[in-house]
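Engineer: My structure is in target-v7.cif, and what it holds is mmCIF, C-alpha atoms:
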data_start
loop_
_atom_site.group_PDB
_atom_site.id
_atom_site.type_symbol
_atom_site.label_atom_id
_atom_site.label_comp_id
_atom_site.auth_asym_id
_atom_site.auth_seq_id
_atom_site.Cartn_x
_atom_site.Cartn_y
_atom_site.Cartn_z
ATOM 1 C CA MET A 38 -118.430 222.766 31.217
ATOM 2 C CA ALA A 39 -120.177 219.642 29.930
ATOM 3 C CA ASP A 40 -119.462 219.373 26.234
ATOM 4 C CA LYS A 41 -119.322 215.676 25.396
ATOM 5 C CA ILE A 42 -121.984 213.266 24.241
ATOM 6 C CA LEU A 43 -122.257 209.928 26.013
ATOM 7 C CA VAL A 44 -123.277 206.833 24.087
ATOM 8 C CA ALA A 45 -123.982 204.252 26.807
ATOM 9 C CA TYR A 46 -125.121 200.738 26.043
ATOM 10 C CA ALA A 47 -125.647 197.208 27.262
ATOM 11 C CA SER A 48 -124.660 194.309 25.035
ATOM 12 C CA ARG A 49 -124.810 190.604 25.620
ATOM 13 C CA TYR A 50 -122.862 189.289 22.615
ATOM 14 C CA GLY A 51 -121.366 192.448 21.094
ATOM 15 C CA SER A 52 -123.837 193.422 18.366
ATOM 16 C CA THR A 53 -125.266 196.381 20.291
ATOM 17 C CA ALA A 54 -121.767 197.513 21.300
ATOM 18 C CA GLU A 55 -120.890 197.709 17.598
ATOM 19 C CA VAL A 56 -124.061 199.705 16.894
ATOM 20 C CA ALA A 57 -123.146 202.101 19.729
ATOM 21 C CA GLU A 58 -119.650 202.525 18.250
ATOM 22 C CA ALA A 59 -121.141 203.295 14.815
ATOM 23 C CA ILE A 60 -123.402 205.958 16.374
ATOM 24 C CA GLY A 61 -120.420 207.431 18.222
ATOM 25 C CA ASP A 62 -118.289 207.427 15.054
ATOM 26 C CA GLU A 63 -120.992 209.262 13.108
ATOM 27 C CA LEU A 64 -121.261 211.939 15.817
ATOM 28 C CA ARG A 65 -117.470 212.313 15.848
ATOM 29 C CA LYS A 66 -117.476 212.821 12.070
ATOM 30 C CA ALA A 67 -119.842 215.749 12.677
ATOM 31 C CA GLY A 68 -117.318 217.271 15.092
ATOM 32 C CA ASP A 69 -118.670 216.143 18.459
ATOM 33 C CA GLU A 70 -116.577 214.791 21.298
ATOM 34 C CA VAL A 71 -118.102 211.411 22.174
ATOM 35 C CA ASP A 72 -117.527 208.695 24.748
ATOM 36 C CA VAL A 73 -118.925 205.243 23.903
ATOM 37 C CA ARG A 74 -119.059 203.115 27.042
ATOM 38 C CA PRO A 75 -120.897 200.175 28.562
ATOM 39 C CA ALA A 76 -123.662 201.601 30.762
ATOM 40 C CA ASN A 77 -122.435 199.709 33.823
ATOM 41 C CA GLU A 78 -119.018 201.400 33.531
ATOM 42 C CA VAL A 79 -120.335 204.984 33.634
ATOM 43 C CA SER A 80 -120.199 206.581 37.078
ATOM 44 C CA ASP A 81 -120.178 210.319 36.339
ATOM 45 C CA LEU A 82 -122.458 212.211 33.960
ATOM 46 C CA SER A 83 -121.004 215.669 34.636
ATOM 47 C CA PRO A 84 -118.833 215.732 31.450
ATOM 48 C CA TYR A 85 -121.868 215.160 29.201
ATOM 49 C CA ARG A 86 -124.274 217.615 27.603
ATOM 50 C CA ALA A 87 -126.359 214.797 26.063
ATOM 51 C CA ALA A 88 -126.723 211.023 26.171
ATOM 52 C CA ILE A 89 -127.713 208.280 23.780
ATOM 53 C CA ILE A 90 -128.557 205.046 25.573
ATOM 54 C CA GLY A 91 -129.191 201.668 24.023
ATOM 55 C CA SER A 92 -129.771 198.017 24.629
ATOM 56 C CA PRO A 93 -130.552 194.866 22.742
ATOM 57 C CA ILE A 94 -134.072 193.577 23.069
ATOM 58 C CA TYR A 95 -133.843 190.310 24.966
ATOM 59 C CA MET A 96 -137.020 188.419 25.766
ATOM 60 C CA GLY A 97 -139.004 191.561 24.934
ATOM 61 C CA LYS A 98 -137.074 193.856 27.289
ATOM 62 C CA TRP A 99 -133.922 195.884 27.547
ATOM 63 C CA LEU A 100 -130.994 194.316 29.354
ATOM 64 C CA PRO A 101 -130.841 195.246 33.045
ATOM 65 C CA GLU A 102 -127.577 197.200 32.689
ATOM 66 C CA SER A 103 -129.217 199.935 30.594
ATOM 67 C CA GLN A 104 -132.378 199.982 32.690
ATOM 68 C CA VAL A 105 -130.424 200.256 35.951
ATOM 69 C CA PHE A 106 -128.277 203.030 34.451
ATOM 70 C CA ILE A 107 -131.370 205.067 33.581
ATOM 71 C CA GLU A 108 -132.956 204.403 36.983
ATOM 72 C CA ARG A 109 -129.765 205.411 38.803
ATOM 73 C CA TYR A 110 -129.218 208.622 36.832
ATOM 74 C CA GLN A 111 -132.787 209.557 35.924
ATOM 75 C CA GLN A 112 -132.674 212.963 37.663
ATOM 76 C CA LEU A 113 -129.535 214.005 35.779
ATOM 77 C CA LEU A 114 -130.760 212.462 32.516
ATOM 78 C CA ARG A 115 -133.961 214.508 32.756
ATOM 79 C CA SER A 116 -131.841 217.678 32.679
ATOM 80 C CA ILE A 117 -130.057 216.905 29.373
ATOM 81 C CA PRO A 118 -131.254 215.757 25.943
ATOM 82 C CA VAL A 119 -131.445 211.959 25.786
ATOM 83 C CA ALA A 120 -132.155 209.557 22.920
ATOM 84 C CA PHE A 121 -132.709 205.805 23.164
ATOM 85 C CA PHE A 122 -131.998 203.001 20.720
ATOM 86 C CA ALA A 123 -132.876 199.331 20.723
ATOM 87 C CA VAL A 124 -131.407 196.508 18.675
ATOM 88 C CA GLY A 125 -133.421 193.382 17.942
ATOM 89 C CA LEU A 126 -133.619 190.578 15.434
ATOM 90 C CA THR A 127 -137.353 190.972 14.827
ATOM 91 C CA VAL A 128 -136.976 194.647 13.886
ATOM 92 C CA GLU A 129 -135.578 193.510 10.522
ATOM 93 C CA GLU A 130 -138.896 192.020 9.553
ATOM 94 C CA GLY A 131 -140.438 195.486 9.134
ATOM 95 C CA ASN A 132 -143.705 194.031 10.410
ATOM 96 C CA PRO A 133 -145.685 196.764 12.257
ATOM 97 C CA GLU A 134 -146.523 194.299 15.064
ATOM 98 C CA PHE A 135 -142.823 193.479 15.550
ATOM 99 C CA LEU A 136 -141.912 197.182 15.478
ATOM 100 C CA LYS A 137 -144.606 197.942 18.058
ATOM 101 C CA LYS A 138 -143.189 195.226 20.345
ATOM 102 C CA ALA A 139 -139.655 196.544 19.824
ATOM 103 C CA GLU A 140 -140.787 200.035 20.759
ATOM 104 C CA ALA A 141 -142.621 198.614 23.794
ATOM 105 C CA SER A 142 -139.297 197.207 25.037
ATOM 106 C CA MET A 143 -138.465 200.808 25.971
ATOM 107 C CA ASP A 144 -141.699 201.579 27.839
ATOM 108 C CA GLN A 145 -140.169 201.163 31.290
ATOM 109 C CA VAL A 146 -137.238 203.502 30.613
ATOM 110 C CA ARG A 147 -139.373 206.043 28.746
ATOM 111 C CA MET A 148 -141.473 206.408 31.894
ATOM 112 C CA LEU A 149 -138.322 207.472 33.745
ATOM 113 C CA VAL A 150 -136.758 209.724 31.109
ATOM 114 C CA LYS A 151 -138.528 211.107 28.044
ATOM 115 C CA PRO A 152 -136.237 210.733 25.033
ATOM 116 C CA VAL A 153 -136.037 213.296 22.242
ATOM 117 C CA ASP A 154 -136.053 210.374 19.805
ATOM 118 C CA ILE A 155 -135.758 206.611 19.605
ATOM 119 C CA GLY A 156 -133.999 204.394 17.100
ATOM 120 C CA LEU A 157 -134.999 200.803 16.341
ATOM 121 C CA PHE A 158 -132.416 198.713 14.519
ATOM 122 C CA SER A 159 -132.143 195.161 13.371
ATOM 123 C CA GLY A 160 -129.445 193.208 15.141
ATOM 124 C CA GLY A 161 -126.847 190.612 14.522
ATOM 125 C CA LEU A 162 -126.598 187.205 16.074
ATOM 126 C CA ASP A 163 -123.765 184.731 15.700
ATOM 127 C CA THR A 164 -125.190 181.497 17.122
ATOM 128 C CA GLY A 165 -121.674 180.182 17.725
ATOM 129 C CA ARG A 166 -121.219 182.805 20.462
ATOM 130 C CA LEU A 167 -124.496 182.029 22.263
ATOM 131 C CA SER A 168 -124.898 180.200 25.522
ATOM 132 C CA PHE A 169 -126.603 176.817 25.333
ATOM 133 C CA ALA A 170 -129.792 178.295 26.837
ATOM 134 C CA ASP A 171 -129.864 181.156 24.319
ATOM 135 C CA ARG A 172 -129.220 178.773 21.400
ATOM 136 C CA THR A 173 -132.153 176.656 22.573
ATOM 137 C CA ILE A 174 -134.438 179.707 22.782
ATOM 138 C CA ILE A 175 -133.402 180.841 19.286
ATOM 139 C CA LYS A 176 -134.228 177.381 17.888
ATOM 140 C CA LEU A 177 -137.597 177.296 19.658
ATOM 141 C CA ILE A 178 -138.738 180.697 18.419
ATOM 142 C CA ARG A 179 -137.211 180.190 14.952
ATOM 143 C CA THR A 180 -135.584 183.596 14.826
ATOM 144 C CA LYS A 181 -133.403 184.558 11.892
ATOM 145 C CA THR A 182 -129.733 184.659 12.726
ATOM 146 C CA GLY A 183 -126.727 186.298 11.151
ATOM 147 C CA ASP A 184 -125.878 189.961 10.792
ATOM 148 C CA LEU A 185 -129.119 191.751 9.945
ATOM 149 C CA ARG A 186 -127.879 195.228 10.886
ATOM 150 C CA ASN A 187 -128.450 198.034 8.388
ATOM 151 C CA TRP A 188 -125.387 200.195 8.955
ATOM 152 C CA GLU A 189 -126.613 203.027 6.748
ATOM 153 C CA ALA A 190 -129.883 203.232 8.725
ATOM 154 C CA ILE A 191 -127.890 203.351 11.977
ATOM 155 C CA ARG A 192 -125.591 206.114 10.679
ATOM 156 C CA ALA A 193 -128.553 208.035 9.234
ATOM 157 C CA TRP A 194 -130.323 207.929 12.613
ATOM 158 C CA ALA A 195 -127.195 209.221 14.353
ATOM 159 C CA ARG A 196 -127.041 212.151 11.912
ATOM 160 C CA ALA A 197 -130.784 212.832 12.332
ATOM 161 C CA VAL A 198 -130.731 212.707 16.131
ATOM 162 C CA ARG A 199 -127.678 214.970 16.425
ATOM 163 C CA PRO A 200 -129.617 218.279 16.115
ATOM 164 C CA MET A 201 -132.141 217.002 18.674
ATOM 165 C CA ILE A 202 -129.446 216.520 21.299
ATOM 166 C CA GLY A 203 -128.056 219.990 20.710
ATOM 167 C CA PRO A 204 -124.752 220.200 18.885
ATOM 168 C CA ALA A 205 -122.099 222.232 20.664
#
For the structure just supplied, provide its representation as structure tokens.

Structural biologist:
Amino acid sequence: MADKILVAYASRYGSTAEVAEAIGDELRKAGDEVDVRPANEVSDLSPYRAAIIGSPIYMGKWLPESQVFIERYQQLLRSIPVAFFAVGLTVEEGNPEFLKKAEASMDQVRMLVKPVDIGLFSGGLDTGRLSFADRTIIKLIRTKTGDLRNWEAIRAWARAVRPMIGPA
């Protein structure tokens, strides 16, 4: 019987992976059995009664790994409770226009699977870990860098979404 929760994610430089781990840890504290895995490493959804899927927002979109995961497993994901989360540097601004764009980054996947909830979180970016191309883009768009993640907001969302994905 499926009794675990899957937290699947894509992450380019590790910030979103750490957010996924924090979500998984919070669910574990509440007594759930949770697997936190990169989306491209998940090949079987049968052990899971619910899924939380996330991605950083990169150039206004989710990374392909999370999108492909949802496309590949959309029929199964439609049969269990699913929540989405996105991590982006502009979310920290709190500007309604930025939040609207962050939410729009999920439009393509929300057409495939309707989530019970979505979480939008500010991200973290260590420019020393970026590729040359990404460093150039960051300079051009003048995005804030550093760790802008609000860990309490992430944990609070995990606690709030838990009843929506049906605790065991």

Engineer: Would you kindly translate the PyMOL selection byres ((chain A and resi 98-101) around 12) into the concrete residues it picks from this file, as an MDAnalysis selection string?

Structural biologist: chainID A and resid 46:50 53 75:77 90:97 102:109 121:125 138:147

Engineer: Which residues are near A:Arg115? Cut-off 12 Å, all atoms listed in the file, ignore same chain within fewer than 5 positions. Put them as a list in words.

Structural biologist: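 After dropping sequence-adjacent residues, the list is Leu82, Arg86, Ala87, Ala88, Ile107, Glu108, Arg109, Tyr110, Ala120, Val146, Arg147, Met148, Leu149, Val150, Lys151, Pro152 and Val153 of chain A.
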
Engineer: Pick the closest to A:Pro84 from A:Arg199, A:Glu70, A:Ala39, A:Gln111: which is it, counting only C-alpha atoms?

Structural biologist: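 Comparing A:Arg199, A:Glu70, A:Ala39, A:Gln111 against A:Pro84, the winner is A:Ala39.
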
Engineer: For the file shown, report as an MDAnalysis selection string the outcome of the PyMOL selection byres ((chain A and resi 72) around 8) at residue level.

Structural biologist: chainID A and resid 41:44 61 70:71 73:74

Engineer: Distance cut-off 12 Å, centre (-129.8, 209.1, 15.0) in file coordinates, counting all atoms listed in the file: which residues qualify? Return them as a JSON list (two decimals) with C-alpha atoms, keeping the file's coordinate frame.

Structural biologist:
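Heads up, here's the output in selection04.json:
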[["chain", "number", "residue", "atom", "x", "y", "z"],
["A", 44, "VAL", "CA", -123.28, 206.83, 24.09],
["A", 56, "VAL", "CA", -124.06, 199.70, 16.89],
["A", 57, "ALA", "CA", -123.15, 202.10, 19.73],
["A", 59, "ALA", "CA", -121.14, 203.30, 14.82],
["A", 60, "ILE", "CA", -123.40, 205.96, 16.37],
["A", 61, "GLY", "CA", -120.42, 207.43, 18.22],
["A", 62, "ASP", "CA", -118.29, 207.43, 15.05],
["A", 63, "GLU", "CA", -120.99, 209.26, 13.11],
["A", 64, "LEU", "CA", -121.26, 211.94, 15.82],
["A", 88, "ALA", "CA", -126.72, 211.02, 26.17],
["A", 89, "ILE", "CA", -127.71, 208.28, 23.78],
["A", 90, "ILE", "CA", -128.56, 205.05, 25.57],
["A", 91, "GLY", "CA", -129.19, 201.67, 24.02],
["A", 119, "VAL", "CA", -131.44, 211.96, 25.79],
["A", 120, "ALA", "CA", -132.16, 209.56, 22.92],
["A", 121, "PHE", "CA", -132.71, 205.80, 23.16],
["A", 122, "PHE", "CA", -132.00, 203.00, 20.72],
["A", 123, "ALA", "CA", -132.88, 199.33, 20.72],
["A", 153, "VAL", "CA", -136.04, 213.30, 22.24],
["A", 154, "ASP", "CA", -136.05, 210.37, 19.80],
["A", 155, "ILE", "CA", -135.76, 206.61, 19.60],
["A", 156, "GLY", "CA", -134.00, 204.39, 17.10],
["A", 157, "LEU", "CA", -135.00, 200.80, 16.34],
["A", 158, "PHE", "CA", -132.42, 198.71, 14.52],
["A", 188, "TRP", "CA", -125.39, 200.20, 8.96],
["A", 189, "GLU", "CA", -126.61, 203.03, 6.75],
["A", 190, "ALA", "CA", -129.88, 203.23, 8.72],
["A", 191, "ILE", "CA", -127.89, 203.35, 11.98],
["A", 192, "ARG", "CA", -125.59, 206.11, 10.68],
["A", 193, "ALA", "CA", -128.55, 208.04, 9.23],
["A", 194, "TRP", "CA", -130.32, 207.93, 12.61],
["A", 195, "ALA", "CA", -127.20, 209.22, 14.35],
["A", 196, "ARG", "CA", -127.04, 212.15, 11.91],
["A", 197, "ALA", "CA", -130.78, 212.83, 12.33],
["A", 198, "VAL", "CA", -130.73, 212.71, 16.13],
["A", 199, "ARG", "CA", -127.68, 214.97, 16.42],
["A", 200, "PRO", "CA", -129.62, 218.28, 16.11],
["A", 201, "MET", "CA", -132.14, 217.00, 18.67],
["A", 202, "ILE", "CA", -129.45, 216.52, 21.30]]

Engineer: Give me, please, the distance in Å between atom CA of A:Arg65 and atom CA of A:Asn187, quoted to one decimal.

Structural biologist: 19.5 Å
